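Novice: There's a structure below that I have some questions on.
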There are 2 protein chains.
Amino acid sequence: MSAKKIPYKMYLSEEEMPSTWLNLKAFMPRSHAPFLDPATGKPCSAAQLEQVFCRECVEQELNDTDKEIEIPQGIRSFYTNFRPSPLVRAYFLEKALDTPAEIYYKFEGNNTSGSHKLNSAIAQAYYAKQQGLKSVTTETGAGQWGTALAMACAFYGLDLHVFMVKTSYEQKPYRMEVMRTYGASVTPSPSVTTSAGRKILAEFPGTGGSLGCAIAEAVETAVNTPDCRYVLGSVLDHVLLHQTVIGLESKIALDKYGVRPDIVIGCVGGGSNYGGLIAPYMAEKLQGKNDIDFVGVEPASCPSMSRGRYAYDFCDSAKITPLAKMYTLGCAFMPSPDHAGGLRYHGMSPIISKLYHDGYMRVEAVRQTEVFAAAERFAKCEGILPAPESSHAIKVALDEAIKCRESGQKKVILFGLTGTGYFDLAAYKSFNDGNMKDYVPTQSDLDRGFASLPSL
Amino acid sequence: MSAKKIPYKMYLSEEEMPSTWLNLKAFMPRSHAPFLDPATGKPCSAAQLEQVFCRECVEQELNDTDKEIEIPQGIRSFYTNFRPSPLVRAYFLEKALDTPAEIYYKFEGNNTSGSHKLNSAIAQAYYAKQQGLKSVTTETGAGQWGTALAMACAFYGLDLHVFMVKTSYEQKPYRMEVMRTYGASVTPSPSVTTSAGRKILAEFPGTGGSLGCAIAEAVETAVNTPDCRYVLGSVLDHVLLHQTVIGLESKIALDKYGVRPDIVIGCVGGGSNYGGLIAPYMAEKLQGKNDIDFVGVEPASCPSMSRGRYAYDFCDSAKITPLAKMYTLGCAFMPSPDHAGGLRYHGMSPIISKLYHDGYMRVEAVRQTEVFAAAERFAKCEGILPAPESSHAIKVALDEAIKCRESGQKKVILFGLTGTGYFDLAAYKSFNDGNMKDYVPTQSDLDRGFASLPSL
């Protein structure tokens, strides 16, 4: 495959780091369907979106022509604070599996947010600052996104107000403490500070909240605060755009050693890390230049693609966002209390949805007990304790490597290791204690979700 | 100072990584005083030490002639799993401080143990395996060492039994869970599994335990188990030896850019990380080749060097270990409930003690509230959330950089950033809430400790 000896870890030099993001939409034969205003059923205008989001992000959201978009120097500078991330050749894992496959993973967890989320948090905070805004709002569930945004806002000198799903706020006080250390103000949601929150509290006293409600509170606060906008950590096209540094760095490193992946695997929740990882290779595939096997991995407990519908739906469960055409279980779908909080989302990135719908990638749904077993095996060989979300990709990478052992094929496997599991040890404990259960929605669970799809 | 543009992060290639450790003792005009057997008052023989420690570690412990000691390939191979660690130019911090100083830090936290401890854990587990042992025992307080050793034992296929101070076991269940995930068996100490533990429990029912008691239980278990030895994470010469990869990598990286430090700063608890960081530069100073200002930083609450005595003392509070000549507060000194658990030790590495005693380095004692203030300032500029221990070095590095701003001096500051603070968020919460107190022992607190010094 490759002539030069491949090191355990490939780090690009700062000169080799990408100076542009890759706009996957510009390579797609047809862009995905536009966002619709739920009130009129018509496509949202840029002006409408700019009431909620930063101007530059809206421009990126609607840009489906420029193949490359420059990364401003002010963002590239902070990227050097935690990038390049290592691309690791999993020699130890290959040996433990006794597989002829070559396994590589791009590790995004070596920063205080513990995940890839920082790639977009920095970009969005930078654009907010450039626009002259004073503050931004967001919601967070598991807390990775909120932490990443708190770091970015501290760096650029922006105020940040985070609405954190109340159950997470109570169960993960240390996640909240990291955000607070970086100067963010964190409110458990639902709260009495917004009309959306007050309405939910009146209707469901004592509720633990939901991501949908936290989104509603964050958007309402942004719209009602001068010089403030709302920012989101996944799903949207501009977030995927920022995450393409993951794939671009991976490809630059692999190209240096003449390595071409046969399979590219990643977990999919909102879809942004996987969209970022596959971008340069998928752009080639869209041009007929490769036939890579792209595999998105989702939890069997929240199977947005493998068992969802490709339809227009709200991005949140409070039904206040524009409608997106995507794979969805319906915004009222209630995911089980699965441990991979970052993958517990009813919908999917419109870009990933369209690629899947058009047959450019496939999807596997895996159960959490097999995910944690793969995580522990990986941790013992490779040292890194992975996040439950990331471990979905590990599970399928292991399966593919074992298939190679059985068939004798020397495939090159690349997967995305999005983050570390340091804040997920309650889940590891549940697994170590033998108390972890697998949840798979029944058809009637799914039907209840589908019943919430808006009729257009 | 330097010709080439210095990147934010310097990563060595795998070929550039050191293949030998540096034996600082071989450069010292006279070695430190030998370990004494408390029963006879005579120096411990290798045979005596080998009943407790791995053979190769004892050999290294007693070696004061070889300047370089080869790092076996089996260790170098696992080092590539998490090394080289980055040497970071703190451009963001320099800008925030508006200082003409150049600030560099060597960051050892990018591994699942979260600290430099893994450097020696791997070496000791490797030698135990080579010796044909089946298992090792150790104690852990805060948990970084236990985690590192669990990772190393999982990798080399050794059983590990950790005695974890009971209060930590109860306060940090997730630290324990990481060890368990890596296959270690963890027992809260004191326990009924050893006579040392049973004795303490009979005398002090309901006690939360201590490091001294956990050491006693680990040593007793090792001695009474076939094919088992006890391993220790700091203080001893062979641990400092393994930690010299930190300093060697730092110097190789800085030399490439023609950078020479004027000040080298690190936190000191048992002294192993700081001994490792300074090794190559201190070896030069011992030969009269530089006049670098070496500064060890200890907590004002446990001022082993700045207010301790240079005397023979037990390494543990249960008085079962050999006697070491070192700076000590007396093995009965009760450190306050300070948050930097890793620095809460009554003694100090014999090598560091001798260097301090002979005037080759100086010591600063700092209070924890100023340490956490420095930590937060650092975190906001540089992204990394530092461990409380590491933040002691940050505090003094900031002070030195601010002095440079005032004097206009362009000093080059190098400090060791030993780990991350992800498992220390209760301490950050206490600081953020304004509840953190500073503890400084009174003279009578110190006198009580000194009264426990053995008379020889």
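FYI, nothing fancy with the structure tokens labels: chains A, B, ... in order, residues from 1 per chain, ligands from 1 as they appear.
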RMSD over all C-alpha atoms, chain A superposed on chain B in order?
Specialist: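 Fitting chain A to chain B over paired C-alpha atoms yields 0.0 Å.
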Novice: Which polymer residues have any atom within 10 Å of an atom of Pro173 in chain B, counting only C-alpha atoms, with same-chain residues fewer than 2 positions away left out, as a short mmCIF file (atom, residue, chain, number, x, y, z; two decimals) with N, CA, C and O atoms, in the first residue's frame?
Specialist:
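Okay, around-v2.cif is ready:
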data_model
loop_
_atom_site.label_atom_id
_atom_site.label_comp_id
_atom_site.auth_asym_id
_atom_site.auth_seq_id
_atom_site.Cartn_x
_atom_site.Cartn_y
_atom_site.Cartn_z
N LEU A 425 -18.40 8.25 32.67
CA LEU A 425 -18.02 7.07 33.44
C LEU A 425 -19.19 6.42 34.16
O LEU A 425 -19.12 5.25 34.54
N ALA A 426 -20.29 7.16 34.32
CA ALA A 426 -21.49 6.52 34.87
C ALA A 426 -21.95 5.43 33.89
O ALA A 426 -22.38 4.35 34.31
N LYS A 429 -19.61 2.54 34.18
CA LYS A 429 -19.91 1.81 35.42
C LYS A 429 -21.09 0.87 35.21
O LYS A 429 -21.07 -0.29 35.61
N GLY B 143 -5.60 9.27 42.29
CA GLY B 143 -6.03 8.31 41.28
C GLY B 143 -5.28 8.36 39.96
O GLY B 143 -5.43 7.46 39.14
N SER B 168 -10.81 8.93 48.89
CA SER B 168 -10.76 9.16 47.43
C SER B 168 -11.68 8.18 46.71
O SER B 168 -12.36 8.54 45.75
N TYR B 169 -11.64 6.93 47.17
CA TYR B 169 -12.47 5.88 46.57
C TYR B 169 -13.93 6.32 46.58
O TYR B 169 -14.67 6.14 45.62
N GLU B 170 -14.34 6.92 47.69
CA GLU B 170 -15.73 7.34 47.83
C GLU B 170 -16.03 8.66 47.12
O GLU B 170 -17.10 8.85 46.57
N GLN B 171 -15.02 9.57 47.12
CA GLN B 171 -15.24 10.88 46.51
C GLN B 171 -15.03 10.88 45.01
O GLN B 171 -15.52 11.75 44.30
N ARG B 175 -12.82 7.89 38.93
CA ARG B 175 -11.41 7.52 38.82
C ARG B 175 -11.29 6.01 38.98
O ARG B 175 -10.59 5.33 38.23
N MET B 176 -11.99 5.50 39.99
CA MET B 176 -11.97 4.07 40.25
C MET B 176 -12.53 3.31 39.04
O MET B 176 -12.02 2.27 38.66
N GLU B 177 -13.56 3.89 38.43
CA GLU B 177 -14.21 3.22 37.31
C GLU B 177 -13.27 3.12 36.10
O GLU B 177 -13.32 2.14 35.35
N VAL B 178 -12.43 4.12 35.89
CA VAL B 178 -11.46 4.03 34.79
C VAL B 178 -10.51 2.87 35.04
O VAL B 178 -10.25 2.05 34.15
#
Novice: At what distance in Å, to one decimal, does CA of Pro280 in chain B lie from CA of Lys251 in chain B?
Specialist: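 That distance, rounded to one decimal, is 7.3 Å.
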Novice: Give me, as a PyMOL selection string, the residues of chain A touching chain B, with the criterion being at most 8 Å (counting only C-alpha atoms).
Specialist: chain A and resi 7-9+11+14+80-82+110-112+151+154-155+174+177-178+180-182+376+379-385+422+425-426+428-429+432
Novice: What does the distance from CA of His238 in chain A to CA of Ser210 in chain A come to in Å, to one decimal?
Specialist: 24.0 Å
Novice: Provide the CA of Ser349 in chain B to CA of Tyr312 in chain B distance in Å, to one decimal place.
Specialist: 12.0 Å
Novice: Within 10 Å of Thr65 in chain B, counting only C-alpha atoms, which residues show up once you throw out same-chain ones fewer than 3 positions away? Write them as a PDB file with N, CA and C atoms, in the first residue's frame, please.
Specialist:
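Just written: result-v6.pdb:
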ATOM      1  N   ASN B  23      20.332   9.549  33.366  1.00  0.00           N
ATOM      2  CA  ASN B  23      20.514   9.227  34.787  1.00  0.00           C
ATOM      3  C   ASN B  23      21.188  10.395  35.502  1.00  0.00           C
ATOM      4  N   LEU B  24      20.383  11.281  36.040  1.00  0.00           N
ATOM      5  CA  LEU B  24      20.884  12.527  36.624  1.00  0.00           C
ATOM      6  C   LEU B  24      21.919  12.278  37.718  1.00  0.00           C
ATOM      7  N   LYS B  25      21.743  11.189  38.450  1.00  0.00           N
ATOM      8  CA  LYS B  25      22.671  10.876  39.547  1.00  0.00           C
ATOM      9  C   LYS B  25      24.117  10.753  39.078  1.00  0.00           C
ATOM     10  N   ALA B  26      24.287  10.279  37.838  1.00  0.00           N
ATOM     11  CA  ALA B  26      25.650  10.081  37.334  1.00  0.00           C
ATOM     12  C   ALA B  26      26.355  11.417  37.094  1.00  0.00           C
ATOM     13  N   PHE B  27      25.593  12.510  37.100  1.00  0.00           N
ATOM     14  CA  PHE B  27      26.196  13.833  36.904  1.00  0.00           C
ATOM     15  C   PHE B  27      26.408  14.563  38.231  1.00  0.00           C
ATOM     16  N   MET B  28      25.849  14.019  39.296  1.00  0.00           N
ATOM     17  CA  MET B  28      25.934  14.712  40.579  1.00  0.00           C
ATOM     18  C   MET B  28      27.296  14.443  41.222  1.00  0.00           C
ATOM     19  N   SER B  31      26.431  11.227  45.058  1.00  0.00           N
ATOM     20  CA  SER B  31      25.059  10.730  45.099  1.00  0.00           C
ATOM     21  C   SER B  31      24.416  11.089  46.422  1.00  0.00           C
ATOM     22  N   LEU B  62      19.774   1.864  42.113  1.00  0.00           N
ATOM     23  CA  LEU B  62      21.113   1.882  42.723  1.00  0.00           C
ATOM     24  C   LEU B  62      22.205   2.314  41.745  1.00  0.00           C
ATOM     25  N   GLU B  68      23.538   7.352  30.688  1.00  0.00           N
ATOM     26  CA  GLU B  68      22.341   7.083  29.886  1.00  0.00           C
ATOM     27  C   GLU B  68      21.921   5.640  30.094  1.00  0.00           C
TER      28      GLU B  68
END
Novice: Considering only C-alpha atoms, return as a VMD selection string whatever protein or nucleic-acid residues lie within 12 Å of Leu456 in chain B, sequence-local ones (same chain, fewer than 6 positions apart) excluded.
Specialist: chain B and resid 36 to 42 311 to 314 323 325
Novice: Residues near Met305 in chain A, anyone? I mean within 12 Å using only C-alpha atoms, not counting same-chain ones fewer than 6 positions away, as a count of residues only.
Specialist: 33
Novice: Arg344 in chain B: which residues within 8 Å, counting only C-alpha atoms, same-chain residues fewer than 2 positions away excluded, as a ChimeraX atom specification?
Specialist: /B:269,302,335,338,340-342,346
Novice: Please list as a list in words every residue within 10 Å of Lys256 in chain A, counting only C-alpha atoms and excluding residues in the same chain fewer than 2 positions away.
Specialist: Ser2, Lys4, Ile6, Met10, Leu12, Lys251, Ile252, Ala253, Leu254, Gly258 and Val259 of chain A
Novice: Restricted to C-alpha atoms, what would the selected residues look like written as a compact mmCIF listing (two decimals), in the first residue's frame?
Specialist:
# COMPACT_ATOMS: atom_id res chain seq x y z
CA SER A 2 2.57 2.47 1.11
CA LYS A 4 7.35 4.84 3.62
CA ILE A 6 3.92 4.64 8.62
CA MET A 10 0.76 11.36 12.03
CA LEU A 12 0.75 17.60 10.24
CA LYS A 251 -6.46 12.98 3.78
CA ILE A 252 -3.33 15.18 3.77
CA ALA A 253 -1.69 12.83 6.28
CA LEU A 254 -2.71 9.64 4.48
CA GLY A 258 0.25 6.87 -0.26
CA VAL A 259 -2.57 5.37 1.78
Novice: I need the residue nearest Glu108 in chain B from this list: B:Gly276, B:Gly308, B:Pro188, B:Pro303. Use only C-alpha atoms for the distance.
Specialist: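 The shortest atom-to-atom distance to Glu108 in chain B comes from B:Gly276.
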Novice: Taking only range 154-281 of chain B into account, list the residues labelled strand (DSSP E) by DSSP (computed from the backbone), as an MDAnalysis selection string.
Specialist: chainID B and resid 159:165 185:189 228:230 263:267
Novice: For each of A:Asp447, A:Asp291, A:Asp237, A:Asp98, take the minimum atom-to-atom distance to Asn63 in chain A, counting only C-alpha atoms, then give the residue where this is smallest.
Specialist: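 The shortest atom-to-atom distance to Asn63 in chain A comes from A:Asp237.
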Novice: What residues in range 345-408 of chain B get the DSSP label alpha helix (DSSP H)? Please answer as a PyMOL selection string.
Specialist: chain B and resi 350-357+368-382+388-407
Novice: For each of B:Phe294, B:Ala374, B:Ala47, B:His339, take the minimum atom-to-atom distance to Gly359 in chain B, counting only C-alpha atoms, then give the residue where this is smallest.
Specialist: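 Looking only at the distances to Gly359 in chain B, the closest residue turns out to be B:Phe294.
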